[in-house]
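Chemist: Data file input.cif (mmCIF, C-alpha atoms and all ligand atoms) is appended below.
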```
data_target
#
loop_
_atom_site.group_PDB
_atom_site.id
_atom_site.type_symbol
_atom_site.label_atom_id
_atom_site.label_comp_id
_atom_site.auth_asym_id
_atom_site.auth_seq_id
_atom_site.Cartn_x
_atom_site.Cartn_y
_atom_site.Cartn_z
ATOM 1 C CA MET A 1344 108.929 85.751 117.994
ATOM 2 C CA THR A 1345 106.597 84.585 115.260
ATOM 3 C CA THR A 1346 107.636 84.535 111.633
ATOM 4 C CA LEU A 1347 104.681 85.941 109.766
ATOM 5 C CA LEU A 1348 105.914 85.748 106.196
ATOM 6 C CA GLU A 1349 108.478 83.236 105.006
ATOM 7 C CA THR A 1350 110.001 82.058 101.765
ATOM 8 C CA GLU A 1351 111.811 78.809 101.211
ATOM 9 C CA GLY A 1352 113.967 78.150 98.182
ATOM 10 C CA LEU A 1353 112.029 80.809 96.317
ATOM 11 C CA THR A 1354 113.215 80.958 92.732
ATOM 12 C CA LYS A 1355 112.038 82.722 89.588
ATOM 13 C CA ARG A 1356 113.657 82.142 86.239
ATOM 14 C CA PHE A 1357 112.859 84.122 83.165
ATOM 15 C CA GLU A 1358 114.332 83.100 79.873
ATOM 16 C CA GLY A 1359 118.069 83.179 80.446
ATOM 17 C CA VAL A 1360 117.866 85.044 83.775
ATOM 18 C CA THR A 1361 117.417 83.769 87.309
ATOM 19 C CA ALA A 1362 115.827 86.893 88.757
ATOM 20 C CA VAL A 1363 115.246 85.371 92.220
ATOM 21 C CA ASP A 1364 117.562 82.557 93.170
ATOM 22 C CA ASP A 1365 116.816 80.224 96.073
ATOM 23 C CA VAL A 1366 115.706 82.941 98.471
ATOM 24 C CA ASN A 1367 115.023 82.036 102.101
ATOM 25 C CA LEU A 1368 113.606 85.003 103.954
ATOM 26 C CA GLY A 1369 111.586 85.444 107.111
ATOM 27 C CA VAL A 1370 109.666 88.478 108.293
ATOM 28 C CA THR A 1371 109.035 88.531 112.020
ATOM 29 C CA GLU A 1372 105.640 89.687 113.210
ATOM 30 C CA GLY A 1373 105.615 93.325 114.263
ATOM 31 C CA THR A 1374 108.831 94.246 112.462
ATOM 32 C CA LEU A 1375 109.717 96.202 109.363
ATOM 33 C CA LYS A 1376 111.996 94.389 106.952
ATOM 34 C CA SER A 1377 113.465 96.202 103.989
ATOM 35 C CA ILE A 1378 114.697 94.579 100.812
ATOM 36 C CA ILE A 1379 117.449 96.473 99.054
ATOM 37 C CA GLY A 1380 119.899 95.765 96.262
ATOM 38 C CA PRO A 1381 121.359 97.266 93.119
ATOM 39 C CA ASN A 1382 119.334 97.700 89.932
ATOM 40 C CA GLY A 1383 118.315 94.349 88.494
ATOM 41 C CA ALA A 1384 119.002 92.499 91.768
ATOM 42 C CA GLY A 1385 115.538 90.947 91.761
ATOM 43 C CA LYS A 1386 113.640 93.130 94.243
ATOM 44 C CA THR A 1387 110.579 93.740 92.088
ATOM 45 C CA THR A 1388 110.430 90.102 91.066
ATOM 46 C CA LEU A 1389 110.633 89.008 94.712
ATOM 47 C CA PHE A 1390 107.938 91.514 95.638
ATOM 48 C CA ASN A 1391 105.667 90.127 92.923
ATOM 49 C CA LEU A 1392 106.344 86.559 94.022
ATOM 50 C CA LEU A 1393 105.340 87.457 97.583
ATOM 51 C CA SER A 1394 102.157 89.235 96.588
ATOM 52 C CA GLY A 1395 101.025 86.780 93.930
ATOM 53 C CA GLY A 1396 101.722 88.860 90.821
ATOM 54 C CA LEU A 1397 104.129 86.155 89.626
ATOM 55 C CA GLU A 1398 104.306 82.416 90.088
ATOM 56 C CA PRO A 1399 107.655 81.059 91.212
ATOM 57 C CA THR A 1400 109.648 78.548 89.206
ATOM 58 C CA ALA A 1401 110.426 76.793 92.483
ATOM 59 C CA GLY A 1402 110.064 77.262 96.215
ATOM 60 C CA GLN A 1403 107.391 78.328 98.641
ATOM 61 C CA VAL A 1404 105.840 81.427 100.180
ATOM 62 C CA ARG A 1405 104.115 81.028 103.539
ATOM 63 C CA LEU A 1406 101.887 83.493 105.337
ATOM 64 C CA GLY A 1407 101.696 82.295 108.913
ATOM 65 C CA ALA A 1408 101.378 78.541 108.653
ATOM 66 C CA GLU A 1409 99.668 78.723 105.285
ATOM 67 C CA ASP A 1410 101.255 77.987 101.932
ATOM 68 C CA ILE A 1411 100.213 80.858 99.658
ATOM 69 C CA THR A 1412 102.561 80.005 96.782
ATOM 70 C CA GLY A 1413 101.046 80.729 93.397
ATOM 71 C CA LEU A 1414 97.703 81.971 94.730
ATOM 72 C CA PRO A 1415 96.181 84.829 92.736
ATOM 73 C CA PRO A 1416 96.814 88.307 94.199
ATOM 74 C CA GLU A 1417 93.185 88.877 95.273
ATOM 75 C CA GLN A 1418 93.227 85.712 97.366
ATOM 76 C CA ILE A 1419 96.525 86.631 98.952
ATOM 77 C CA THR A 1420 95.146 90.085 99.768
ATOM 78 C CA ARG A 1421 92.113 88.508 101.369
ATOM 79 C CA LYS A 1422 94.399 86.432 103.562
ATOM 80 C CA GLY A 1423 95.849 89.648 104.938
ATOM 81 C CA LEU A 1424 98.843 90.477 102.767
ATOM 82 C CA ALA A 1425 98.223 93.893 101.229
ATOM 83 C CA ARG A 1426 100.555 95.500 98.721
ATOM 84 C CA SER A 1427 100.763 99.110 97.703
ATOM 85 C CA PHE A 1428 99.477 99.850 94.250
ATOM 86 C CA GLN A 1429 101.803 102.697 93.305
ATOM 87 C CA ILE A 1430 99.251 105.498 93.083
ATOM 88 C CA THR A 1431 97.626 103.982 89.985
ATOM 89 C CA ASN A 1432 94.893 102.648 92.246
ATOM 90 C CA ILE A 1433 93.750 106.120 93.244
ATOM 91 C CA PHE A 1434 90.560 107.427 91.601
ATOM 92 C CA ASP A 1435 91.661 110.925 90.644
ATOM 93 C CA GLU A 1436 88.211 112.452 90.206
ATOM 94 C CA LEU A 1437 86.872 111.217 93.521
ATOM 95 C CA SER A 1438 87.442 112.933 96.824
ATOM 96 C CA VAL A 1439 90.176 111.698 99.134
ATOM 97 C CA LEU A 1440 87.520 110.433 101.543
ATOM 98 C CA ASP A 1441 85.603 108.551 98.836
ATOM 99 C CA ASN A 1442 88.770 106.825 97.708
ATOM 100 C CA VAL A 1443 89.306 105.392 101.179
ATOM 101 C CA ARG A 1444 85.613 104.682 101.637
ATOM 102 C CA ILE A 1445 85.603 102.554 98.493
ATOM 103 C CA ALA A 1446 88.662 100.672 99.732
ATOM 104 C CA VAL A 1447 86.985 99.979 103.083
ATOM 105 C CA GLN A 1448 83.871 98.809 101.293
ATOM 106 C CA ALA A 1449 85.874 96.661 98.887
ATOM 107 C CA ARG A 1450 87.317 94.871 101.885
ATOM 108 C CA GLU A 1451 83.885 94.316 103.413
ATOM 109 C CA TRP A 1452 82.609 92.936 100.136
ATOM 110 C CA GLY A 1453 85.675 90.810 99.605
ATOM 111 C CA GLY A 1454 87.126 92.448 96.528
ATOM 112 C CA TRP A 1455 87.385 95.501 94.339
ATOM 113 C CA ASN A 1456 84.418 94.660 92.111
ATOM 114 C CA PHE A 1457 81.640 95.821 94.334
ATOM 115 C CA LEU A 1458 81.663 99.565 94.116
ATOM 116 C CA GLN A 1459 77.902 100.042 94.249
ATOM 117 C CA HIS A 1460 76.214 101.174 97.470
ATOM 118 C CA VAL A 1461 79.217 103.345 98.211
ATOM 119 C CA ALA A 1462 77.205 106.509 98.772
ATOM 120 C CA SER A 1463 75.114 105.588 101.758
ATOM 121 C CA LYS A 1464 77.025 103.535 104.295
ATOM 122 C CA ALA A 1465 77.771 105.620 107.321
ATOM 123 C CA GLU A 1466 80.073 103.049 108.884
ATOM 124 C CA TYR A 1467 82.343 102.964 105.860
ATOM 125 C CA ARG A 1468 82.537 106.727 105.991
ATOM 126 C CA GLU A 1469 83.487 106.597 109.643
ATOM 127 C CA GLN A 1470 86.204 104.001 109.079
ATOM 128 C CA ALA A 1471 87.492 105.972 106.112
ATOM 129 C CA THR A 1472 87.611 109.138 108.194
ATOM 130 C CA ASP A 1473 89.599 107.316 110.886
ATOM 131 C CA LEU A 1474 92.067 106.101 108.277
ATOM 132 C CA LEU A 1475 92.508 109.596 106.860
ATOM 133 C CA GLU A 1476 93.235 110.826 110.343
ATOM 134 C CA ARG A 1477 95.739 107.964 110.694
ATOM 135 C CA VAL A 1478 97.706 109.162 107.663
ATOM 136 C CA ASP A 1479 97.282 112.891 108.397
ATOM 137 C CA LEU A 1480 95.072 113.607 105.413
ATOM 138 C CA LEU A 1481 91.858 114.536 107.187
ATOM 139 C CA GLU A 1482 92.125 118.174 106.125
ATOM 140 C CA PHE A 1483 92.018 116.983 102.492
ATOM 141 C CA ARG A 1484 88.987 114.731 102.886
ATOM 142 C CA ASP A 1485 86.899 116.656 100.326
ATOM 143 C CA THR A 1486 89.769 117.402 97.954
ATOM 144 C CA GLU A 1487 89.826 115.714 94.550
ATOM 145 C CA ALA A 1488 92.424 112.990 94.967
ATOM 146 C CA GLY A 1489 94.081 113.748 91.638
ATOM 147 C CA THR A 1490 95.057 117.225 92.827
ATOM 148 C CA LEU A 1491 96.999 116.026 95.877
ATOM 149 C CA SER A 1492 100.764 116.492 95.989
ATOM 150 C CA HIS A 1493 102.898 113.456 95.193
ATOM 151 C CA GLY A 1494 103.686 112.968 98.873
ATOM 152 C CA ASP A 1495 100.042 113.205 99.907
ATOM 153 C CA LYS A 1496 99.111 110.686 97.206
ATOM 154 C CA ARG A 1497 101.572 108.278 98.787
ATOM 155 C CA ALA A 1498 99.929 108.839 102.159
ATOM 156 C CA LEU A 1499 96.528 108.242 100.551
ATOM 157 C CA GLU A 1500 97.867 105.080 98.998
ATOM 158 C CA LEU A 1501 98.959 103.955 102.439
ATOM 159 C CA ALA A 1502 95.429 104.615 103.736
ATOM 160 C CA LEU A 1503 94.063 102.485 100.878
ATOM 161 C CA VAL A 1504 96.341 99.639 101.880
ATOM 162 C CA LEU A 1505 95.422 100.007 105.567
ATOM 163 C CA ALA A 1506 91.746 99.988 104.578
ATOM 164 C CA LEU A 1507 92.179 96.333 103.655
ATOM 165 C CA ASP A 1508 92.875 95.643 107.339
ATOM 166 C CA PRO A 1509 96.064 93.744 106.533
ATOM 167 C CA VAL A 1510 98.215 91.580 108.778
ATOM 168 C CA ILE A 1511 101.239 92.483 106.663
ATOM 169 C CA LEU A 1512 101.946 95.358 104.265
ATOM 170 C CA LEU A 1513 104.187 95.161 101.221
ATOM 171 C CA LEU A 1514 105.342 98.584 100.067
ATOM 172 C CA ASP A 1515 107.110 98.958 96.734
ATOM 173 C CA GLU A 1516 109.402 101.989 96.595
ATOM 174 C CA PRO A 1517 106.992 104.404 98.243
ATOM 175 C CA PHE A 1518 109.689 107.084 98.443
ATOM 176 C CA ALA A 1519 110.467 107.128 94.721
ATOM 177 C CA GLY A 1520 110.265 110.541 93.098
ATOM 178 C CA MET A 1521 109.740 112.485 96.306
ATOM 179 C CA SER A 1522 111.195 115.765 97.491
ATOM 180 C CA GLN A 1523 113.290 115.728 100.657
ATOM 181 C CA PHE A 1524 110.442 117.341 102.586
ATOM 182 C CA GLU A 1525 107.978 114.719 101.365
ATOM 183 C CA ILE A 1526 110.439 111.951 102.171
ATOM 184 C CA GLU A 1527 110.707 113.130 105.757
ATOM 185 C CA GLU A 1528 106.942 113.386 106.142
ATOM 186 C CA LEU A 1529 106.323 109.910 104.727
ATOM 187 C CA ARG A 1530 109.165 108.461 106.769
ATOM 188 C CA ASP A 1531 107.558 109.753 109.973
ATOM 189 C CA LEU A 1532 104.241 108.315 108.878
ATOM 190 C CA LEU A 1533 105.787 104.965 108.010
ATOM 191 C CA ASP A 1534 107.610 104.879 111.340
ATOM 192 C CA ASP A 1535 104.311 105.465 113.056
ATOM 193 C CA VAL A 1536 102.429 102.826 111.047
ATOM 194 C CA ALA A 1537 105.276 100.380 111.656
ATOM 195 C CA ASN A 1538 104.427 100.449 115.368
ATOM 196 C CA GLU A 1539 101.214 98.632 114.580
ATOM 197 C CA TYR A 1540 101.925 96.559 111.494
ATOM 198 C CA THR A 1541 104.348 94.077 110.022
ATOM 199 C CA ILE A 1542 105.852 95.656 106.923
ATOM 200 C CA VAL A 1543 108.024 94.618 103.992
ATOM 201 C CA LEU A 1544 109.568 97.599 102.243
ATOM 202 C CA VAL A 1545 111.333 97.480 98.889
ATOM 203 C CA GLU A 1546 113.201 100.751 98.690
ATOM 204 C CA HIS A 1547 116.135 102.430 96.976
ATOM 205 C CA ASN A 1548 116.516 105.247 99.462
ATOM 206 C CA ILE A 1549 119.186 103.880 101.791
ATOM 207 C CA ASP A 1550 118.873 106.644 104.380
ATOM 208 C CA VAL A 1551 115.195 105.889 104.784
ATOM 209 C CA VAL A 1552 115.827 102.146 104.867
ATOM 210 C CA MET A 1553 118.459 102.472 107.560
ATOM 211 C CA SER A 1554 116.276 104.673 109.736
ATOM 212 C CA VAL A 1555 112.963 102.781 109.575
ATOM 213 C CA SER A 1556 113.971 99.104 109.328
ATOM 214 C CA ASP A 1557 114.323 96.476 112.036
ATOM 215 C CA ALA A 1558 116.055 94.227 109.519
ATOM 216 C CA VAL A 1559 117.445 94.646 106.027
ATOM 217 C CA ALA A 1560 117.843 91.910 103.426
ATOM 218 C CA VAL A 1561 120.259 92.623 100.588
ATOM 219 C CA LEU A 1562 119.742 91.036 97.214
ATOM 220 C CA GLU A 1563 122.416 90.686 94.585
ATOM 221 C CA ASN A 1564 121.866 88.802 91.341
ATOM 222 C CA GLY A 1565 118.720 87.283 92.781
ATOM 223 C CA SER A 1566 120.380 85.928 95.946
ATOM 224 C CA VAL A 1567 120.240 87.197 99.513
ATOM 225 C CA ILE A 1568 123.815 88.170 100.389
ATOM 226 C CA ALA A 1569 122.989 89.593 103.824
ATOM 227 C CA ASP A 1570 120.012 89.754 106.145
ATOM 228 C CA ALA A 1571 120.569 91.566 109.422
ATOM 229 C CA ALA A 1572 119.940 94.671 111.509
ATOM 230 C CA PRO A 1573 120.627 97.992 109.708
ATOM 231 C CA ASP A 1574 123.885 98.667 111.571
ATOM 232 C CA ASP A 1575 125.272 95.250 110.676
ATOM 233 C CA ILE A 1576 124.231 95.729 107.068
ATOM 234 C CA ARG A 1577 126.026 99.059 106.957
ATOM 235 C CA ASP A 1578 129.205 97.406 108.228
ATOM 236 C CA ASP A 1579 129.047 94.320 105.992
ATOM 237 C CA PRO A 1580 131.842 94.506 103.400
ATOM 238 C CA ARG A 1581 129.917 92.416 100.860
ATOM 239 C CA VAL A 1582 127.024 94.813 101.081
ATOM 240 C CA GLN A 1583 129.272 97.826 100.780
ATOM 241 C CA GLN A 1584 130.791 96.334 97.697
ATOM 242 C CA ALA A 1585 127.524 95.193 96.139
ATOM 243 C CA TYR A 1586 125.357 98.108 96.953
ATOM 244 C CA LEU A 1587 126.325 100.876 99.285
ATOM 245 C CA GLY A 1588 129.552 101.631 97.467
ATOM 246 C CA GLU A 1589 127.574 102.012 94.289
ATOM 247 C CA SER A 1590 125.506 104.901 95.573
ATOM 248 C CA LYS A 1591 128.454 106.963 96.759
HETATM 249 N N1 LIG B 1601 109.403 89.652 82.849
HETATM 250 C C1 LIG B 1601 110.721 89.489 82.736
HETATM 251 N N2 LIG B 1601 111.261 88.823 81.710
HETATM 252 C C2 LIG B 1601 112.590 88.640 81.621
HETATM 253 N N3 LIG B 1601 113.487 89.103 82.519
HETATM 254 C C3 LIG B 1601 112.997 89.782 83.552
HETATM 255 C C4 LIG B 1601 111.601 90.023 83.742
HETATM 256 N N4 LIG B 1601 111.422 90.736 84.882
HETATM 257 C C5 LIG B 1601 112.652 90.936 85.401
HETATM 258 N N5 LIG B 1601 113.604 90.373 84.610
HETATM 259 C C6 LIG B 1601 115.040 90.348 84.852
HETATM 260 O O1 LIG B 1601 115.224 89.847 86.152
HETATM 261 C C7 LIG B 1601 116.277 90.540 86.820
HETATM 262 C C8 LIG B 1601 115.748 91.153 88.109
HETATM 263 O O2 LIG B 1601 114.836 92.212 87.786
HETATM 264 P P1 LIG B 1601 114.012 93.012 88.862
HETATM 265 O O3 LIG B 1601 113.182 94.019 88.130
HETATM 266 O O4 LIG B 1601 113.320 92.083 89.758
HETATM 267 O O5 LIG B 1601 115.169 93.760 89.663
HETATM 268 P P2 LIG B 1601 115.065 94.994 90.662
HETATM 269 O O6 LIG B 1601 116.019 94.714 91.761
HETATM 270 O O7 LIG B 1601 113.662 95.254 91.003
HETATM 271 O O8 LIG B 1601 115.631 96.177 89.762
HETATM 272 P P3 LIG B 1601 115.325 97.747 89.868
HETATM 273 O O9 LIG B 1601 115.970 98.223 91.111
HETATM 274 O O10 LIG B 1601 116.022 98.290 88.639
HETATM 275 O O11 LIG B 1601 113.844 97.929 89.835
HETATM 276 C C9 LIG B 1601 116.805 91.560 85.829
HETATM 277 O O12 LIG B 1601 117.912 90.981 85.157
HETATM 278 C C10 LIG B 1601 115.643 91.738 84.865
HETATM 279 O O13 LIG B 1601 116.105 92.109 83.590
#
```
Could you quickly redo this structure as C-alpha cells?

Modeler:
Amino acid sequence: MTTLLETEGLTKRFEGVTAVDDVNLGVTEGTLKSIIGPNGAGKTTLFNLLSGGLEPTAGQVRLGAEDITGLPPEQITRKGLARSFQITNIFDELSVLDNVRIAVQAREWGGWNFLQHVASKAEYREQATDLLERVDLLEFRDTEAGTLSHGDKRALELALVLALDPVILLLDEPFAGMSQFEIEELRDLLDDVANEYTIVLVEHNIDVVMSVSDAVAVLENGSVIADAAPDDIRDDPRVQQAYLGESK
C-alpha cells in the first residue's frame, strides 16, 4: 500500500517548548488516520506543520514522493492537501450553494483570490450541487449559510474542502462543540467520505476516533507514543495512561 503523506524527524520548537518532537508518521492512501493526545500534546502544531501553517525547526513532510516541507499553505493545497478551515471560511451572507460554488471556482482559478465571474458559470453550479448532495445539504442550497445549524456548517465546511478536489483531507477537530445528534450525523458523513478519500483527523472525541479510524497515532509531549489500529490503541497501557485514562 502506498504511503501518501509522510513525516520524517518532524520537529517544531517554540521558545522553551518542543511542541512536536521527532515525529515519524505515515498515512496510507485510502485510509483514515486520527491523531489524538492530551491537551498540549502537539496535535495542532503537527496539523499546522503538515498543512504549511508553520515551518518546522527540523525534519520533512512528504506528499507522495514530493518534499512539501515549509511550502506556503496555498501551494500545499494546490498539490492536493486540503485542510478544513473551521467554519471561519464560510461566507455567512451567501447561500449554501454559492459558498460551494465559490470554492469550486477558486480551485479552477488556482486560489481564493478570484471570486469574480462567480454568477454565471453553469458548470461550477453543477459541481457545487453535486457536492451539496454528497454532504446531504442539497435541501439547504438556497439557505443563507450563516443560519445553518452548527452541524450543518461542519458539513458545508466539508463540502468546501471537497470542492478543492483533494488527494488528502486534513480535518481539525470537526466534532468540537457538537450535540450528540450532530456528532452521529457527521460521523456517518465522515465514514462515507472516508470510502473515497485519504483523511487525517485531529480529534478529541475518542468514541468517534475509535469508530471511524483505520489507524490512530497518539501524541504525548510532542512525541508519537503509539501508532496502530484502534483496537490496539485501546489496549495499549501507555495510551491508557497518557490519554484514555484522563478522559474517564
Ligand atoms: N505559538 C506558540 N508559541 C509557544 N508555544 C506554543 C505555541 N503553539 C503551541 N505551543 C506549545 O506547544 C505545545 C503543544 O501545543 P498544541 O497546541 O500543538 O497542542 P494540542 O495537542 O493541539 O493541544 P490542545 O488539545 O489543547 O489543542 C504546548 O505546550 C503549547 O503551549

Chemist: Considering all atoms listed in the file, give me a table of residues in chain A that are at most 6 Å from ligand LIG 1601 (chain B), with the closest atom pair and distance in Å for each, as JSON lines.

Modeler:
```
{"residue": "A:Phe1357", "atom": "CA", "partner": "B:LIG1601", "partner_atom": "C2", "distance": 4.8}
{"residue": "A:Val1360", "atom": "CA", "partner": "B:LIG1601", "partner_atom": "O1", "distance": 6.0}
{"residue": "A:Ala1362", "atom": "CA", "partner": "B:LIG1601", "partner_atom": "O1", "distance": 4.0}
{"residue": "A:Pro1381", "atom": "CA", "partner": "B:LIG1601", "partner_atom": "O9", "distance": 5.8}
{"residue": "A:Asn1382", "atom": "CA", "partner": "B:LIG1601", "partner_atom": "O9", "distance": 3.6}
{"residue": "A:Gly1383", "atom": "CA", "partner": "B:LIG1601", "partner_atom": "O5", "distance": 3.4}
{"residue": "A:Ala1384", "atom": "CA", "partner": "B:LIG1601", "partner_atom": "O6", "distance": 3.7}
{"residue": "A:Gly1385", "atom": "CA", "partner": "B:LIG1601", "partner_atom": "O4", "distance": 3.2}
{"residue": "A:Lys1386", "atom": "CA", "partner": "B:LIG1601", "partner_atom": "O6", "distance": 3.8}
{"residue": "A:Thr1387", "atom": "CA", "partner": "B:LIG1601", "partner_atom": "O7", "distance": 3.6}
{"residue": "A:Thr1388", "atom": "CA", "partner": "B:LIG1601", "partner_atom": "O4", "distance": 3.7}
```

Chemist: Any idea what the distance is between atom CA of Ile1445 of chain A and atom CA of Arg1468 of chain A?

Modeler: 9.1 Å

Chemist: Quick check on the file I pasted: which residues fall under the PyMOL selection byres (((chain A and resi 1576) around 12) and not hetatm)? Write them as a ChimeraX atom specification.

Modeler: /A:1377-1380,1549,1552-1553,1556-1562,1568-1575,1577-1587

Chemist: Just how far from atom CA of Asp1508 of chain A is atom CA of Val1478 of chain A, in Å to one decimal?

Modeler: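 Separation between atom CA of Val1478 of chain A and atom CA of Asp1508 of chain A: 14.4 Å.
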
Chemist: Show me, as a PDB file with C-alpha atoms, in the frame of the given file, the residues that have an atom within 12 Å of His1493 of chain A when counting all atoms listed in the file, minus same-chain residues fewer than 2 positions from it.

Modeler:
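Final output, saved to part17.pdb:
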```
ATOM      1  CA  GLN A1429     101.803 102.697  93.305  1.00  0.00           C
ATOM      2  CA  ILE A1430      99.251 105.498  93.083  1.00  0.00           C
ATOM      3  CA  ILE A1433      93.750 106.120  93.244  1.00  0.00           C
ATOM      4  CA  ALA A1488      92.424 112.990  94.967  1.00  0.00           C
ATOM      5  CA  GLY A1489      94.081 113.748  91.638  1.00  0.00           C
ATOM      6  CA  THR A1490      95.057 117.225  92.827  1.00  0.00           C
ATOM      7  CA  LEU A1491      96.999 116.026  95.877  1.00  0.00           C
ATOM      8  CA  ASP A1495     100.042 113.205  99.907  1.00  0.00           C
ATOM      9  CA  LYS A1496      99.111 110.686  97.206  1.00  0.00           C
ATOM     10  CA  ARG A1497     101.572 108.278  98.787  1.00  0.00           C
ATOM     11  CA  ALA A1498      99.929 108.839 102.159  1.00  0.00           C
ATOM     12  CA  LEU A1499      96.528 108.242 100.551  1.00  0.00           C
ATOM     13  CA  GLU A1500      97.867 105.080  98.998  1.00  0.00           C
ATOM     14  CA  PRO A1517     106.992 104.404  98.243  1.00  0.00           C
ATOM     15  CA  PHE A1518     109.689 107.084  98.443  1.00  0.00           C
ATOM     16  CA  ALA A1519     110.467 107.128  94.721  1.00  0.00           C
ATOM     17  CA  GLY A1520     110.265 110.541  93.098  1.00  0.00           C
ATOM     18  CA  MET A1521     109.740 112.485  96.306  1.00  0.00           C
ATOM     19  CA  SER A1522     111.195 115.765  97.491  1.00  0.00           C
ATOM     20  CA  GLN A1523     113.290 115.728 100.657  1.00  0.00           C
ATOM     21  CA  PHE A1524     110.442 117.341 102.586  1.00  0.00           C
ATOM     22  CA  GLU A1525     107.978 114.719 101.365  1.00  0.00           C
ATOM     23  CA  ILE A1526     110.439 111.951 102.171  1.00  0.00           C
ATOM     24  CA  GLU A1528     106.942 113.386 106.142  1.00  0.00           C
ATOM     25  CA  LEU A1529     106.323 109.910 104.727  1.00  0.00           C
TER      26      LEU A1529
END
```

Chemist: Suppose a student applies the PyMOL selection byres (((chain A and resi 1471) around 7) and not hetatm) to this structure; what residues should they get, written as a VMD selection string?

Modeler: chain A and resid 1440 1443 to 1444 1447 1467 to 1470 1472 to 1475

Chemist: Limited to C-alpha atoms, could you put the picked residues into a file as a short mmCIF file (atom, residue, chain, number, x, y, z; two decimals), in the coordinates of the input?

Modeler:
```cif
data_model
loop_
_atom_site.label_atom_id
_atom_site.label_comp_id
_atom_site.auth_asym_id
_atom_site.auth_seq_id
_atom_site.Cartn_x
_atom_site.Cartn_y
_atom_site.Cartn_z
CA LEU A 1440 87.52 110.43 101.54
CA VAL A 1443 89.31 105.39 101.18
CA ARG A 1444 85.61 104.68 101.64
CA VAL A 1447 86.98 99.98 103.08
CA TYR A 1467 82.34 102.96 105.86
CA ARG A 1468 82.54 106.73 105.99
CA GLU A 1469 83.49 106.60 109.64
CA GLN A 1470 86.20 104.00 109.08
CA THR A 1472 87.61 109.14 108.19
CA ASP A 1473 89.60 107.32 110.89
CA LEU A 1474 92.07 106.10 108.28
CA LEU A 1475 92.51 109.60 106.86
#
```

Chemist: Report, in Å to a single decimal, how far apart atom CA of Thr1371 of chain A and atom CA of Met1344 of chain A are.

Modeler: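 If I compute the distance from atom CA of Met1344 of chain A to atom CA of Thr1371 of chain A, I get 6.6 Å.
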
Chemist: Rank nothing, just name the residue among A:Val1404, A:Leu1437, A:Val1567, A:Val1370 nearest to Thr1345 of chain A, using all atoms listed in the file.

Modeler: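 Smallest distance to Thr1345 of chain A is found for A:Val1370.
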
Chemist: Starting from the shown file, work through the PyMOL selection byres (((chain A and resi 1353) around 9) and not hetatm) and note down what comes out as a PDB file with C-alpha atoms, keeping the file's coordinate frame.

Modeler:
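Saved to result-v3.pdb:
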```pdb
ATOM      1  CA  THR A1350     110.001  82.058 101.765  1.00  0.00           C
ATOM      2  CA  GLU A1351     111.811  78.809 101.211  1.00  0.00           C
ATOM      3  CA  GLY A1352     113.967  78.150  98.182  1.00  0.00           C
ATOM      4  CA  THR A1354     113.215  80.958  92.732  1.00  0.00           C
ATOM      5  CA  LYS A1355     112.038  82.722  89.588  1.00  0.00           C
ATOM      6  CA  VAL A1363     115.246  85.371  92.220  1.00  0.00           C
ATOM      7  CA  ASP A1364     117.562  82.557  93.170  1.00  0.00           C
ATOM      8  CA  ASP A1365     116.816  80.224  96.073  1.00  0.00           C
ATOM      9  CA  VAL A1366     115.706  82.941  98.471  1.00  0.00           C
ATOM     10  CA  ASN A1367     115.023  82.036 102.101  1.00  0.00           C
ATOM     11  CA  LEU A1368     113.606  85.003 103.954  1.00  0.00           C
ATOM     12  CA  LEU A1389     110.633  89.008  94.712  1.00  0.00           C
ATOM     13  CA  LEU A1392     106.344  86.559  94.022  1.00  0.00           C
ATOM     14  CA  PRO A1399     107.655  81.059  91.212  1.00  0.00           C
ATOM     15  CA  THR A1400     109.648  78.548  89.206  1.00  0.00           C
ATOM     16  CA  ALA A1401     110.426  76.793  92.483  1.00  0.00           C
ATOM     17  CA  GLY A1402     110.064  77.262  96.215  1.00  0.00           C
ATOM     18  CA  GLN A1403     107.391  78.328  98.641  1.00  0.00           C
ATOM     19  CA  VAL A1404     105.840  81.427 100.180  1.00  0.00           C
TER      20      VAL A1404
END
```

Chemist: Could I get segment 1478-1495 of chain A from the block written as a PDB file, in the first residue's frame, with C-alpha atoms?

Modeler:
```pdb
ATOM      1  CA  VAL A1478     -22.767  16.059   2.128  1.00  0.00           C
ATOM      2  CA  ASP A1479     -26.578  15.881   2.397  1.00  0.00           C
ATOM      3  CA  LEU A1480     -27.133  19.620   2.262  1.00  0.00           C
ATOM      4  CA  LEU A1481     -28.987  19.887  -1.029  1.00  0.00           C
ATOM      5  CA  GLU A1482     -32.237  20.853   0.686  1.00  0.00           C
ATOM      6  CA  PHE A1483     -30.425  23.908   2.104  1.00  0.00           C
ATOM      7  CA  ARG A1484     -28.921  25.059  -1.187  1.00  0.00           C
ATOM      8  CA  ASP A1485     -30.696  28.445  -1.114  1.00  0.00           C
ATOM      9  CA  THR A1486     -30.409  28.962   2.636  1.00  0.00           C
ATOM     10  CA  GLU A1487     -28.130  31.708   3.943  1.00  0.00           C
ATOM     11  CA  ALA A1488     -25.083  29.815   5.154  1.00  0.00           C
ATOM     12  CA  GLY A1489     -24.862  31.788   8.388  1.00  0.00           C
ATOM     13  CA  THR A1490     -28.244  30.466   9.516  1.00  0.00           C
ATOM     14  CA  LEU A1491     -27.288  26.787   9.270  1.00  0.00           C
ATOM     15  CA  SER A1492     -27.025  24.714  12.439  1.00  0.00           C
ATOM     16  CA  HIS A1493     -23.538  24.075  13.793  1.00  0.00           C
ATOM     17  CA  GLY A1494     -23.609  20.519  12.468  1.00  0.00           C
ATOM     18  CA  ASP A1495     -24.741  21.600   9.010  1.00  0.00           C
TER      19      ASP A1495
END
```
